>>> print(open('entry.cif').read())   # mmCIF, C-alpha atoms
data_final
#
loop_
_atom_site.group_PDB
_atom_site.id
_atom_site.type_symbol
_atom_site.label_atom_id
_atom_site.label_comp_id
_atom_site.auth_asym_id
_atom_site.auth_seq_id
_atom_site.Cartn_x
_atom_site.Cartn_y
_atom_site.Cartn_z
ATOM 1 C CA MET A 6 -12.526 8.660 -48.198
ATOM 2 C CA SER A 7 -14.128 10.140 -45.132
ATOM 3 C CA PRO A 8 -12.142 13.020 -43.559
ATOM 4 C CA MET A 9 -12.338 11.104 -40.247
ATOM 5 C CA TYR A 10 -9.819 8.550 -41.547
ATOM 6 C CA ARG A 11 -6.301 8.830 -42.881
ATOM 7 C CA PRO A 12 -4.080 6.135 -44.357
ATOM 8 C CA VAL A 13 -1.411 4.870 -41.994
ATOM 9 C CA ALA A 14 1.557 7.282 -41.696
ATOM 10 C CA GLU A 15 -0.343 10.130 -43.369
ATOM 11 C CA SER A 16 -2.045 11.590 -40.277
ATOM 12 C CA GLU A 17 -0.494 14.203 -38.017
ATOM 13 C CA THR A 18 1.007 12.914 -34.797
ATOM 14 C CA SER A 19 0.260 14.411 -31.416
ATOM 15 C CA PRO A 20 2.787 16.841 -29.980
ATOM 16 C CA VAL A 21 5.316 15.084 -27.729
ATOM 17 C CA ALA A 22 4.166 17.192 -24.777
ATOM 18 C CA LEU A 23 0.747 15.551 -24.966
ATOM 19 C CA THR A 24 2.035 11.992 -25.070
ATOM 20 C CA GLN A 25 3.922 11.908 -21.762
ATOM 21 C CA ARG A 26 2.482 9.736 -19.017
ATOM 22 C CA HIS A 27 0.729 11.632 -16.243
ATOM 23 C CA SER A 28 0.060 10.568 -12.647
ATOM 24 C CA VAL A 29 -3.524 9.892 -11.674
ATOM 25 C CA VAL A 30 -4.693 11.076 -8.263
ATOM 26 C CA LEU A 31 -6.462 8.248 -6.424
ATOM 27 C CA GLU A 32 -8.214 8.673 -3.103
ATOM 28 C CA PRO A 33 -7.487 6.134 -0.365
ATOM 29 C CA TYR A 34 -10.402 3.923 0.575
ATOM 30 C CA VAL A 35 -11.234 0.802 2.588
ATOM 31 C CA ASP A 36 -12.009 -2.076 0.264
ATOM 32 C CA THR A 37 -14.704 -4.678 0.850
ATOM 33 C CA ARG A 38 -12.259 -6.867 2.773
ATOM 34 C CA GLY A 39 -11.236 -4.108 5.193
ATOM 35 C CA TRP A 40 -7.874 -3.135 3.649
ATOM 36 C CA ILE A 41 -6.822 0.445 2.965
ATOM 37 C CA GLN A 42 -6.004 0.906 -0.701
ATOM 38 C CA ASN A 43 -4.185 3.776 -2.463
ATOM 39 C CA ALA A 44 -2.334 4.928 0.653
ATOM 40 C CA GLY A 45 1.051 3.368 -0.049
ATOM 41 C CA PHE A 46 0.731 0.902 2.846
ATOM 42 C CA HIS A 47 2.332 -2.538 2.928
ATOM 43 C CA LEU A 48 -0.596 -4.950 3.080
ATOM 44 C CA LYS A 49 0.289 -8.280 4.654
ATOM 45 C CA ARG A 50 -2.410 -10.205 6.491
ATOM 46 C CA VAL A 51 -1.481 -12.041 9.687
ATOM 47 C CA ALA A 52 -4.505 -14.301 9.981
ATOM 48 C CA ALA A 53 -3.879 -15.114 13.649
ATOM 49 C CA LEU A 54 -4.538 -11.492 14.592
ATOM 50 C CA GLU A 55 -8.153 -11.442 13.442
ATOM 51 C CA LYS A 56 -10.524 -12.400 16.261
ATOM 52 C CA GLY A 57 -13.981 -11.708 14.840
ATOM 53 C CA ALA A 58 -16.055 -8.780 13.623
ATOM 54 C CA ILE A 59 -15.270 -5.312 14.954
ATOM 55 C CA ASP A 60 -17.841 -2.759 16.098
ATOM 56 C CA GLY A 61 -16.990 0.387 14.183
ATOM 57 C CA PRO A 62 -14.089 0.970 14.589
ATOM 58 C CA LYS A 63 -14.905 3.773 16.982
ATOM 59 C CA ALA A 64 -11.447 4.632 18.346
ATOM 60 C CA VAL A 65 -7.697 4.353 17.791
ATOM 61 C CA VAL A 66 -5.262 3.068 20.438
ATOM 62 C CA LEU A 67 -1.560 3.959 20.186
ATOM 63 C CA HIS A 68 1.193 1.533 21.239
ATOM 64 C CA ARG A 69 4.973 1.164 21.119
ATOM 65 C CA THR A 70 6.558 -2.192 20.299
ATOM 66 C CA GLN A 71 9.386 -2.226 22.879
ATOM 67 C CA SER A 72 11.798 -3.311 20.136
ATOM 68 C CA SER A 73 14.429 -1.645 17.966
ATOM 69 C CA THR A 74 13.311 -3.270 14.707
ATOM 70 C CA ILE A 75 10.043 -4.336 13.105
ATOM 71 C CA GLU A 76 10.978 -8.004 12.690
ATOM 72 C CA SER A 77 10.344 -9.208 16.241
ATOM 73 C CA PRO A 78 6.897 -7.619 16.691
ATOM 74 C CA LEU A 79 5.802 -8.877 13.267
ATOM 75 C CA LYS A 80 6.882 -12.357 14.311
ATOM 76 C CA SER A 81 5.064 -12.016 17.633
ATOM 77 C CA PHE A 82 1.856 -11.094 15.794
ATOM 78 C CA GLU A 83 1.693 -14.730 14.664
ATOM 79 C CA SER A 84 0.870 -15.638 18.271
ATOM 80 C CA GLY A 85 -2.463 -13.852 17.837
ATOM 81 C CA ILE A 86 -1.745 -10.730 19.895
ATOM 82 C CA GLY A 87 -1.065 -7.485 18.075
ATOM 83 C CA THR A 88 -2.386 -4.485 16.224
ATOM 84 C CA HIS A 89 -3.951 -3.665 12.866
ATOM 85 C CA PHE A 90 -1.038 -1.411 11.900
ATOM 86 C CA ILE A 91 2.658 -1.175 12.684
ATOM 87 C CA ILE A 92 4.860 1.755 11.668
ATOM 88 C CA ASP A 93 8.552 1.158 11.028
ATOM 89 C CA LYS A 94 11.294 3.679 11.783
ATOM 90 C CA ASP A 95 11.476 4.740 8.139
ATOM 91 C CA GLY A 96 7.783 5.647 8.252
ATOM 92 C CA ALA A 97 6.580 2.606 6.315
ATOM 93 C CA VAL A 98 3.054 1.648 7.395
ATOM 94 C CA HIS A 99 2.216 -2.056 7.503
ATOM 95 C CA GLN A 100 -1.423 -3.148 7.748
ATOM 96 C CA CYS A 101 -1.582 -6.647 9.213
ATOM 97 C CA ALA A 102 -5.277 -7.096 9.997
ATOM 98 C CA SER A 103 -8.528 -6.168 8.312
ATOM 99 C CA LEU A 104 -10.411 -3.143 9.600
ATOM 100 C CA LEU A 105 -13.519 -5.334 9.588
ATOM 101 C CA MET A 106 -11.968 -7.463 12.330
ATOM 102 C CA ARG A 107 -10.950 -6.882 15.942
ATOM 103 C CA THR A 108 -7.516 -7.790 17.267
ATOM 104 C CA ALA A 109 -6.194 -8.474 20.780
ATOM 105 C CA HIS A 110 -4.260 -5.297 21.564
ATOM 106 C CA VAL A 111 -5.913 -3.415 24.451
ATOM 107 C CA GLY A 112 -6.175 -5.861 27.341
ATOM 108 C CA ARG A 113 -8.215 -5.042 30.440
ATOM 109 C CA ILE A 114 -9.420 -1.454 30.552
ATOM 110 C CA ARG A 115 -9.493 0.991 33.414
ATOM 111 C CA SER A 116 -12.644 2.840 34.474
ATOM 112 C CA ARG A 117 -13.005 5.993 32.406
ATOM 113 C CA CYS A 118 -15.258 7.765 34.857
ATOM 114 C CA TYR A 119 -13.089 6.789 37.833
ATOM 115 C CA GLU A 120 -9.903 8.028 36.130
ATOM 116 C CA SER A 121 -11.574 11.365 35.362
ATOM 117 C CA ALA A 122 -13.344 11.606 38.749
ATOM 118 C CA SER A 123 -16.726 11.742 37.025
ATOM 119 C CA CYS A 124 -18.389 8.535 38.256
ATOM 120 C CA PRO A 125 -21.675 8.755 40.113
ATOM 121 C CA VAL A 126 -20.976 8.733 43.848
ATOM 122 C CA GLU A 127 -22.191 5.172 44.425
ATOM 123 C CA GLU A 128 -20.220 3.779 41.478
ATOM 124 C CA ALA A 129 -17.047 5.558 42.569
ATOM 125 C CA ARG A 130 -17.459 4.198 46.100
ATOM 126 C CA MET A 131 -17.981 0.667 44.766
ATOM 127 C CA ILE A 132 -14.908 0.811 42.500
ATOM 128 C CA LYS A 133 -12.782 2.172 45.325
ATOM 129 C CA SER A 134 -13.886 -0.690 47.570
ATOM 130 C CA TRP A 135 -12.541 -3.244 45.059
ATOM 131 C CA GLY A 136 -8.971 -2.028 45.412
ATOM 132 C CA TRP A 137 -6.599 -3.542 42.844
ATOM 133 C CA ALA A 138 -9.016 -5.652 40.771
ATOM 134 C CA PRO A 139 -8.332 -5.200 37.012
ATOM 135 C CA ALA A 140 -10.421 -8.213 35.941
ATOM 136 C CA ARG A 141 -13.432 -7.175 38.021
ATOM 137 C CA LEU A 142 -13.159 -3.575 36.869
ATOM 138 C CA HIS A 143 -12.876 -4.614 33.210
ATOM 139 C CA ASP A 144 -15.997 -6.765 33.499
ATOM 140 C CA HIS A 145 -17.810 -3.813 35.065
ATOM 141 C CA GLU A 146 -16.703 -1.394 32.347
ATOM 142 C CA LYS A 147 -17.396 -3.590 29.325
ATOM 143 C CA SER A 148 -21.131 -3.438 30.028
ATOM 144 C CA LYS A 149 -20.975 0.255 29.098
ATOM 145 C CA THR A 150 -20.915 1.629 25.575
ATOM 146 C CA TYR A 151 -18.107 3.696 24.077
ATOM 147 C CA PRO A 152 -17.380 6.571 24.727
ATOM 148 C CA HIS A 153 -18.809 6.134 28.235
ATOM 149 C CA ARG A 154 -15.953 3.673 28.746
ATOM 150 C CA PHE A 155 -12.489 3.409 27.224
ATOM 151 C CA PRO A 156 -12.192 1.580 23.883
ATOM 152 C CA MET A 157 -11.696 -2.184 23.889
ATOM 153 C CA ASN A 158 -10.526 -4.743 21.349
ATOM 154 C CA GLU A 159 -14.118 -5.021 20.142
ATOM 155 C CA ASP A 160 -14.344 -1.443 18.850
ATOM 156 C CA SER A 161 -10.859 0.005 18.330
ATOM 157 C CA VAL A 162 -7.992 0.024 15.848
ATOM 158 C CA GLY A 163 -4.529 -0.677 17.229
ATOM 159 C CA VAL A 164 -1.456 1.159 15.897
ATOM 160 C CA GLU A 165 2.055 0.076 16.926
ATOM 161 C CA THR A 166 5.145 2.240 16.486
ATOM 162 C CA VAL A 167 8.540 0.541 16.422
ATOM 163 C CA ALA A 168 10.413 1.937 19.427
ATOM 164 C CA SER A 169 12.665 0.575 22.166
ATOM 165 C CA PHE A 170 12.396 0.907 25.955
ATOM 166 C CA ASP A 171 15.447 1.083 28.216
ATOM 167 C CA GLY A 172 13.580 0.336 31.408
ATOM 168 C CA THR A 173 13.129 4.015 32.187
ATOM 169 C CA SER A 174 12.051 5.839 29.041
ATOM 170 C CA TRP A 175 10.594 5.097 25.632
ATOM 171 C CA GLU A 176 12.332 5.902 22.373
ATOM 172 C CA ARG A 177 10.887 8.926 20.623
ATOM 173 C CA PRO A 178 9.323 8.420 17.186
ATOM 174 C CA THR A 179 11.494 9.330 14.213
ATOM 175 C CA PRO A 180 10.398 12.279 12.046
ATOM 176 C CA ALA A 181 9.246 9.779 9.409
ATOM 177 C CA GLN A 182 7.192 7.886 11.999
ATOM 178 C CA GLU A 183 5.627 11.111 13.283
ATOM 179 C CA LYS A 184 4.506 11.993 9.792
ATOM 180 C CA SER A 185 3.103 8.523 9.105
ATOM 181 C CA ILE A 186 1.289 8.362 12.459
ATOM 182 C CA LYS A 187 -0.311 11.705 11.743
ATOM 183 C CA ALA A 188 -1.339 10.746 8.212
ATOM 184 C CA LEU A 189 -2.704 7.346 9.288
ATOM 185 C CA ILE A 190 -4.768 8.803 12.129
ATOM 186 C CA GLN A 191 -6.139 11.554 9.921
ATOM 187 C CA LEU A 192 -7.074 8.956 7.329
ATOM 188 C CA LEU A 193 -8.850 6.774 9.896
ATOM 189 C CA GLN A 194 -10.641 9.840 11.219
ATOM 190 C CA ARG A 195 -11.806 10.743 7.733
ATOM 191 C CA LEU A 196 -12.892 7.207 6.877
ATOM 192 C CA TYR A 197 -14.748 6.502 10.133
ATOM 193 C CA GLY A 198 -15.843 9.928 11.377
ATOM 194 C CA LEU A 199 -13.509 9.897 14.387
ATOM 195 C CA THR A 200 -12.116 12.921 16.226
ATOM 196 C CA ASP A 201 -8.999 13.535 18.300
ATOM 197 C CA SER A 202 -10.979 12.573 21.406
ATOM 198 C CA ASP A 203 -11.163 9.063 19.925
ATOM 199 C CA VAL A 204 -7.352 8.693 19.842
ATOM 200 C CA HIS A 205 -6.060 7.040 23.031
ATOM 201 C CA GLU A 206 -2.651 6.170 24.473
ATOM 202 C CA HIS A 207 -2.558 2.532 25.539
ATOM 203 C CA ASP A 208 -1.131 3.138 28.996
ATOM 204 C CA ASN A 209 -3.862 5.687 29.771
ATOM 205 C CA ILE A 210 -6.689 3.211 29.217
ATOM 206 C CA SER A 211 -5.154 -0.106 30.305
ATOM 207 C CA TYR A 212 -2.555 -1.492 32.719
ATOM 208 C CA LYS A 213 0.645 -0.922 30.757
ATOM 209 C CA THR A 214 4.094 0.563 31.277
ATOM 210 C CA PRO A 215 3.648 4.341 31.755
ATOM 211 C CA GLY A 216 4.457 6.396 28.683
ATOM 212 C CA GLU A 217 3.924 3.603 26.153
ATOM 213 C CA GLY A 218 1.672 5.743 23.967
ATOM 214 C CA ASP A 219 2.931 9.175 25.017
ATOM 215 C CA GLY A 220 4.252 11.616 22.417
ATOM 216 C CA LEU A 221 3.228 9.605 19.369
ATOM 217 C CA TYR A 222 0.414 11.864 18.188
ATOM 218 C CA SER A 223 0.046 15.599 18.550
ATOM 219 C CA PRO A 224 -3.345 16.894 17.387
ATOM 220 C CA SER A 225 -2.097 20.500 17.341
ATOM 221 C CA SER A 226 0.173 20.043 14.312
ATOM 222 C CA ALA A 227 -1.612 18.519 11.348
ATOM 223 C CA TYR A 228 0.390 17.242 8.404
ATOM 224 C CA GLY A 229 -2.637 16.714 6.215
ATOM 225 C CA LEU A 230 -2.924 14.139 3.509
ATOM 226 C CA PRO A 231 -1.126 15.076 0.292
ATOM 227 C CA PRO A 232 -2.547 14.119 -3.102
ATOM 228 C CA LEU A 233 -1.905 10.440 -3.678
ATOM 229 C CA VAL A 234 -0.448 9.204 -6.940
ATOM 230 C CA GLN A 235 0.242 5.562 -6.108
ATOM 231 C CA PRO A 236 -1.455 2.882 -8.197
ATOM 232 C CA ARG A 237 -4.100 0.747 -6.538
ATOM 233 C CA PHE A 238 -2.473 -1.884 -4.373
ATOM 234 C CA PRO A 239 -3.525 -5.540 -4.722
ATOM 235 C CA PHE A 240 -5.379 -7.413 -2.033
ATOM 236 C CA PRO A 241 -3.047 -8.672 0.711
ATOM 237 C CA THR A 242 -1.798 -12.220 0.550
#
>>> encode(input="entry.cif", output="C-alpha cells")
Amino acid sequence: MSPMYRPVAESETSPVALTQRHSVVLEPYVDTRGWIQNAGFHLKRVAALEKGAIDGPKAVVLHRTQSSTIESPLKSFESGIGTHFIIDKDGAVHQCASLLMRTAHVGRIRSRCYESASCPVEEARMIKSWGWAPARLHDHEKSKTYPHRFPMNEDSVGVETVASFDGTSWERPTPAQEKSIKALIQLLQRLYGLTDSDVHEHDNISYKTPGEGDGLYSPSSAYGLPPLVQPRFPFPT
C-alpha cells in the first residue's frame, strides 16, 4: 500500500492545538449593491430612502436625530427622508440605504464662499442683496461643483446619531457612539478617498438648529479600525 494512505484508525491524529477553530480577518468592503460588508453593521434597507444614483459619494454630513431612541427615526425614514446610516446609543451602526444611492438628508444649502467670506466681490454683493432667500441661494449654489459648494443630497452620505434636544442643547454622543462615528467615518474615508475636510456638520451647511452636528466627530483623536473577525454579512432584506 502506498505510504500516502493509511487504513482508517491507523493514522496519527493532529495535535489538539492544531484543530481549534481560528478567526479569519476579513476586510470591510462595499459590495456591488452598495452595502458595507464585514464591518459588523446592521444592514436593513429602507427602500423609500433611495432617491436615485449618487455622485461619489464625495462628502459625509453629520446629523442628530432629536430623539432619545432609535425607533422613531427609523420609522420616520419610511417617509422617504433620512440618512444612509444611523448610530444607536450602544454604538450599533445601522445602514439603511445603499451607498450607490442618494437620500434626502441635507435640504437647501448655504453659500460656501459667502459663509467663508471668499466669494468674488460681485457674487458676494448679489447674494447680500437677496437677503433671506434659502431657495434662491440653493439654486445658485447647486450649479457649482463640490467642493466649491457645500455637499448636497446628490453627492454626500448622511450619518444620524441618536440624541435628544431639550430646546437649548443637544445630547452629547455616548462613548460607544463616539467610537462608532469615528470608525465609520474613517472607513468611508478609506473606501472613497475622502479627508476630514469632506466631513460636514449639518447645521453648518444648511438651515438647521444650531449645534445639530457639533461635537460628533473629532479628527484629532483617531480610533483606527481594528482587525475585523466578523463573518461576511448577508445582503440586506
>>> residues_around(input="entry.cif", residues="His207 in chain A", least_positions_apart="3", cutoff="12 Å", atoms="all atoms listed in the file", output="PDB file with C-alpha atoms, keeping the file's coordinate frame")
ATOM      1  CA  ALA A  64     -11.447   4.632  18.346  1.00  0.00           C
ATOM      2  CA  VAL A  65      -7.697   4.353  17.791  1.00  0.00           C
ATOM      3  CA  VAL A  66      -5.262   3.068  20.438  1.00  0.00           C
ATOM      4  CA  LEU A  67      -1.560   3.959  20.186  1.00  0.00           C
ATOM      5  CA  HIS A  68       1.193   1.533  21.239  1.00  0.00           C
ATOM      6  CA  ARG A  69       4.973   1.164  21.119  1.00  0.00           C
ATOM      7  CA  THR A  70       6.558  -2.192  20.299  1.00  0.00           C
ATOM      8  CA  THR A  88      -2.386  -4.485  16.224  1.00  0.00           C
ATOM      9  CA  HIS A 110      -4.260  -5.297  21.564  1.00  0.00           C
ATOM     10  CA  VAL A 111      -5.913  -3.415  24.451  1.00  0.00           C
ATOM     11  CA  GLY A 112      -6.175  -5.861  27.341  1.00  0.00           C
ATOM     12  CA  ARG A 113      -8.215  -5.042  30.440  1.00  0.00           C
ATOM     13  CA  ILE A 114      -9.420  -1.454  30.552  1.00  0.00           C
ATOM     14  CA  ARG A 115      -9.493   0.991  33.414  1.00  0.00           C
ATOM     15  CA  PHE A 155     -12.489   3.409  27.224  1.00  0.00           C
ATOM     16  CA  PRO A 156     -12.192   1.580  23.883  1.00  0.00           C
ATOM     17  CA  MET A 157     -11.696  -2.184  23.889  1.00  0.00           C
ATOM     18  CA  ASN A 158     -10.526  -4.743  21.349  1.00  0.00           C
ATOM     19  CA  SER A 161     -10.859   0.005  18.330  1.00  0.00           C
ATOM     20  CA  VAL A 162      -7.992   0.024  15.848  1.00  0.00           C
ATOM     21  CA  GLY A 163      -4.529  -0.677  17.229  1.00  0.00           C
ATOM     22  CA  VAL A 164      -1.456   1.159  15.897  1.00  0.00           C
ATOM     23  CA  GLU A 165       2.055   0.076  16.926  1.00  0.00           C
ATOM     24  CA  THR A 166       5.145   2.240  16.486  1.00  0.00           C
ATOM     25  CA  VAL A 204      -7.352   8.693  19.842  1.00  0.00           C
ATOM     26  CA  ILE A 210      -6.689   3.211  29.217  1.00  0.00           C
ATOM     27  CA  SER A 211      -5.154  -0.106  30.305  1.00  0.00           C
ATOM     28  CA  TYR A 212      -2.555  -1.492  32.719  1.00  0.00           C
ATOM     29  CA  LYS A 213       0.645  -0.922  30.757  1.00  0.00           C
ATOM     30  CA  THR A 214       4.094   0.563  31.277  1.00  0.00           C
ATOM     31  CA  PRO A 215       3.648   4.341  31.755  1.00  0.00           C
ATOM     32  CA  GLY A 216       4.457   6.396  28.683  1.00  0.00           C
ATOM     33  CA  GLU A 217       3.924   3.603  26.153  1.00  0.00           C
ATOM     34  CA  GLY A 218       1.672   5.743  23.967  1.00  0.00           C
ATOM     35  CA  ASP A 219       2.931   9.175  25.017  1.00  0.00           C
ATOM     36  CA  GLY A 220       4.252  11.616  22.417  1.00  0.00           C
ATOM     37  CA  LEU A 221       3.228   9.605  19.369  1.00  0.00           C
TER      38      LEU A 221
END
>>> closest_residue(input="entry.cif", among="A:Ala58, A:Val51, A:Ile186, A:Leu193", to="Pro78 in chain A", atoms="all atoms listed in the file")
A:Val51
>>> atom_distance(input="entry.cif", atom1="CA of Leu31 in chain A", atom2="CA of Leu196 in chain A")
14.8 Å
>>> resolve_selection(input="entry.cif", expression="the PyMOL selection byres ((chain A and resi 169) around 8)", output="count of residues only")
11
>>> resolve_selection(input="entry.cif", expression="the PyMOL selection byres ((chain A and resi 94) around 9)", output="MDAnalysis selection string")
chainID A and resid 73:75 92:93 95:97 166:168 178:182
>>> write_last_selection(input="entry.cif", atoms="C-alpha atoms", output="compact mmCIF listing (two decimals), in the frame of the given file")
# COMPACT_ATOMS: atom_id res chain seq x y z
CA SER A 73 14.43 -1.64 17.97
CA THR A 74 13.31 -3.27 14.71
CA ILE A 75 10.04 -4.34 13.10
CA ILE A 92 4.86 1.76 11.67
CA ASP A 93 8.55 1.16 11.03
CA ASP A 95 11.48 4.74 8.14
CA GLY A 96 7.78 5.65 8.25
CA ALA A 97 6.58 2.61 6.32
CA THR A 166 5.14 2.24 16.49
CA VAL A 167 8.54 0.54 16.42
CA ALA A 168 10.41 1.94 19.43
CA PRO A 178 9.32 8.42 17.19
CA THR A 179 11.49 9.33 14.21
CA PRO A 180 10.40 12.28 12.05
CA ALA A 181 9.25 9.78 9.41
CA GLN A 182 7.19 7.89 12.00
>>> closest_residue(input="entry.cif", among="A:Ala129, A:Ala109, A:Ile190, A:Ala52", to="Asp160 in chain A", atoms="only C-alpha atoms")
A:Ala109
>>> axis_aligned_box(input="entry.cif", around="range 112-130 of chain A", padding_each_side="3 Å", output="AutoDock Vina command-line options")
--center_x -14.2 --center_y 2.9 --center_z 36.7 --size_x 22.0 --size_y 23.6 --size_z 24.8
>>> atom_distance(input="entry.cif", atom1="CA of His47 in chain A", atom2="CA of Phe82 in chain A")
15.5 Å
>>> closest_residue(input="entry.cif", among="A:Phe46, A:Glu128, A:Asp60, A:Glu76", to="Arg107 in chain A", atoms="only C-alpha atoms")
A:Asp60
>>> atom_distance(input="entry.cif", atom1="CA of Val30 in chain A", atom2="CA of Arg50 in chain A")
26.0 Å
>>> closest_residue(input="entry.cif", among="A:Ala44, A:His99, A:Glu83, A:Leu54", to="Glu32 in chain A", atoms="all atoms listed in the file")
A:Ala44
>>> closest_residue(input="entry.cif", among="A:Gly61, A:Asn209, A:Lys187, A:Ser174", to="Ser121 in chain A", atoms="all atoms listed in the file")
A:Asn209
>>> closest_residue(input="entry.cif", among="A:Ala138, A:Cys124, A:Met106, A:Ser202", to="Gly57 in chain A", atoms="all atoms listed in the file")
A:Met106
>>> decode(input="entry.cif", residues="range 102-119 of chain A", atoms="N, CA, C and O atoms", output="compact mmCIF listing (two decimals), in the first residue's frame")
# COMPACT_ATOMS: atom_id res chain seq x y z
N ALA A 102 -29.60 52.63 3.67
CA ALA A 102 -29.67 52.94 2.25
C ALA A 102 -28.34 52.59 1.59
O ALA A 102 -27.27 52.67 2.21
N SER A 103 -28.42 52.21 0.35
CA SER A 103 -27.23 51.84 -0.43
C SER A 103 -26.33 53.05 -0.65
O SER A 103 -26.81 54.17 -0.86
N LEU A 104 -25.04 52.82 -0.65
CA LEU A 104 -24.08 53.88 -0.93
C LEU A 104 -24.00 54.20 -2.42
O LEU A 104 -23.26 55.09 -2.82
N LEU A 105 -24.77 53.48 -3.23
CA LEU A 105 -24.88 53.81 -4.65
C LEU A 105 -26.02 54.80 -4.90
O LEU A 105 -26.18 55.30 -6.01
N MET A 106 -26.79 55.09 -3.84
CA MET A 106 -27.98 55.90 -3.98
C MET A 106 -27.92 57.14 -3.08
O MET A 106 -27.36 57.10 -1.99
N ARG A 107 -28.53 58.21 -3.52
CA ARG A 107 -28.63 59.42 -2.70
C ARG A 107 -29.89 59.33 -1.84
O ARG A 107 -30.84 58.63 -2.18
N THR A 108 -29.86 60.04 -0.72
CA THR A 108 -31.04 60.15 0.14
C THR A 108 -31.33 61.62 0.41
O THR A 108 -30.47 62.49 0.21
N ALA A 109 -32.53 61.91 0.87
CA ALA A 109 -32.92 63.30 1.19
C ALA A 109 -32.56 63.58 2.64
O ALA A 109 -33.30 63.23 3.55
N HIS A 110 -31.41 64.20 2.86
CA HIS A 110 -30.97 64.44 4.24
C HIS A 110 -30.35 65.82 4.45
O HIS A 110 -30.20 66.26 5.59
N VAL A 111 -29.99 66.52 3.39
CA VAL A 111 -29.28 67.80 3.55
C VAL A 111 -30.24 68.98 3.55
O VAL A 111 -30.17 69.86 4.41
N GLY A 112 -31.16 69.01 2.59
CA GLY A 112 -32.02 70.19 2.44
C GLY A 112 -31.31 71.27 1.63
O GLY A 112 -30.31 71.01 0.96
N ARG A 113 -31.80 72.49 1.71
CA ARG A 113 -31.19 73.60 0.98
C ARG A 113 -29.85 73.98 1.61
O ARG A 113 -29.75 74.06 2.83
N ILE A 114 -28.86 74.20 0.77
CA ILE A 114 -27.53 74.52 1.29
C ILE A 114 -27.27 76.03 1.29
O ILE A 114 -27.83 76.79 0.51
N ARG A 115 -26.41 76.41 2.20
CA ARG A 115 -25.93 77.79 2.27
C ARG A 115 -24.86 78.00 1.20
O ARG A 115 -24.42 77.05 0.54
N SER A 116 -24.41 79.23 1.05
CA SER A 116 -23.31 79.53 0.13
C SER A 116 -21.98 79.33 0.85
O SER A 116 -21.71 79.97 1.87
N ARG A 117 -21.17 78.44 0.33
CA ARG A 117 -19.88 78.15 0.98
C ARG A 117 -18.95 79.35 0.92
O ARG A 117 -18.31 79.71 1.91
N CYS A 118 -18.90 80.00 -0.22
CA CYS A 118 -17.98 81.14 -0.32
C CYS A 118 -18.47 82.32 0.50
O CYS A 118 -17.66 83.05 1.09
N TYR A 119 -19.80 82.49 0.60
CA TYR A 119 -20.32 83.61 1.38
C TYR A 119 -20.09 83.38 2.87
O TYR A 119 -19.72 84.31 3.60
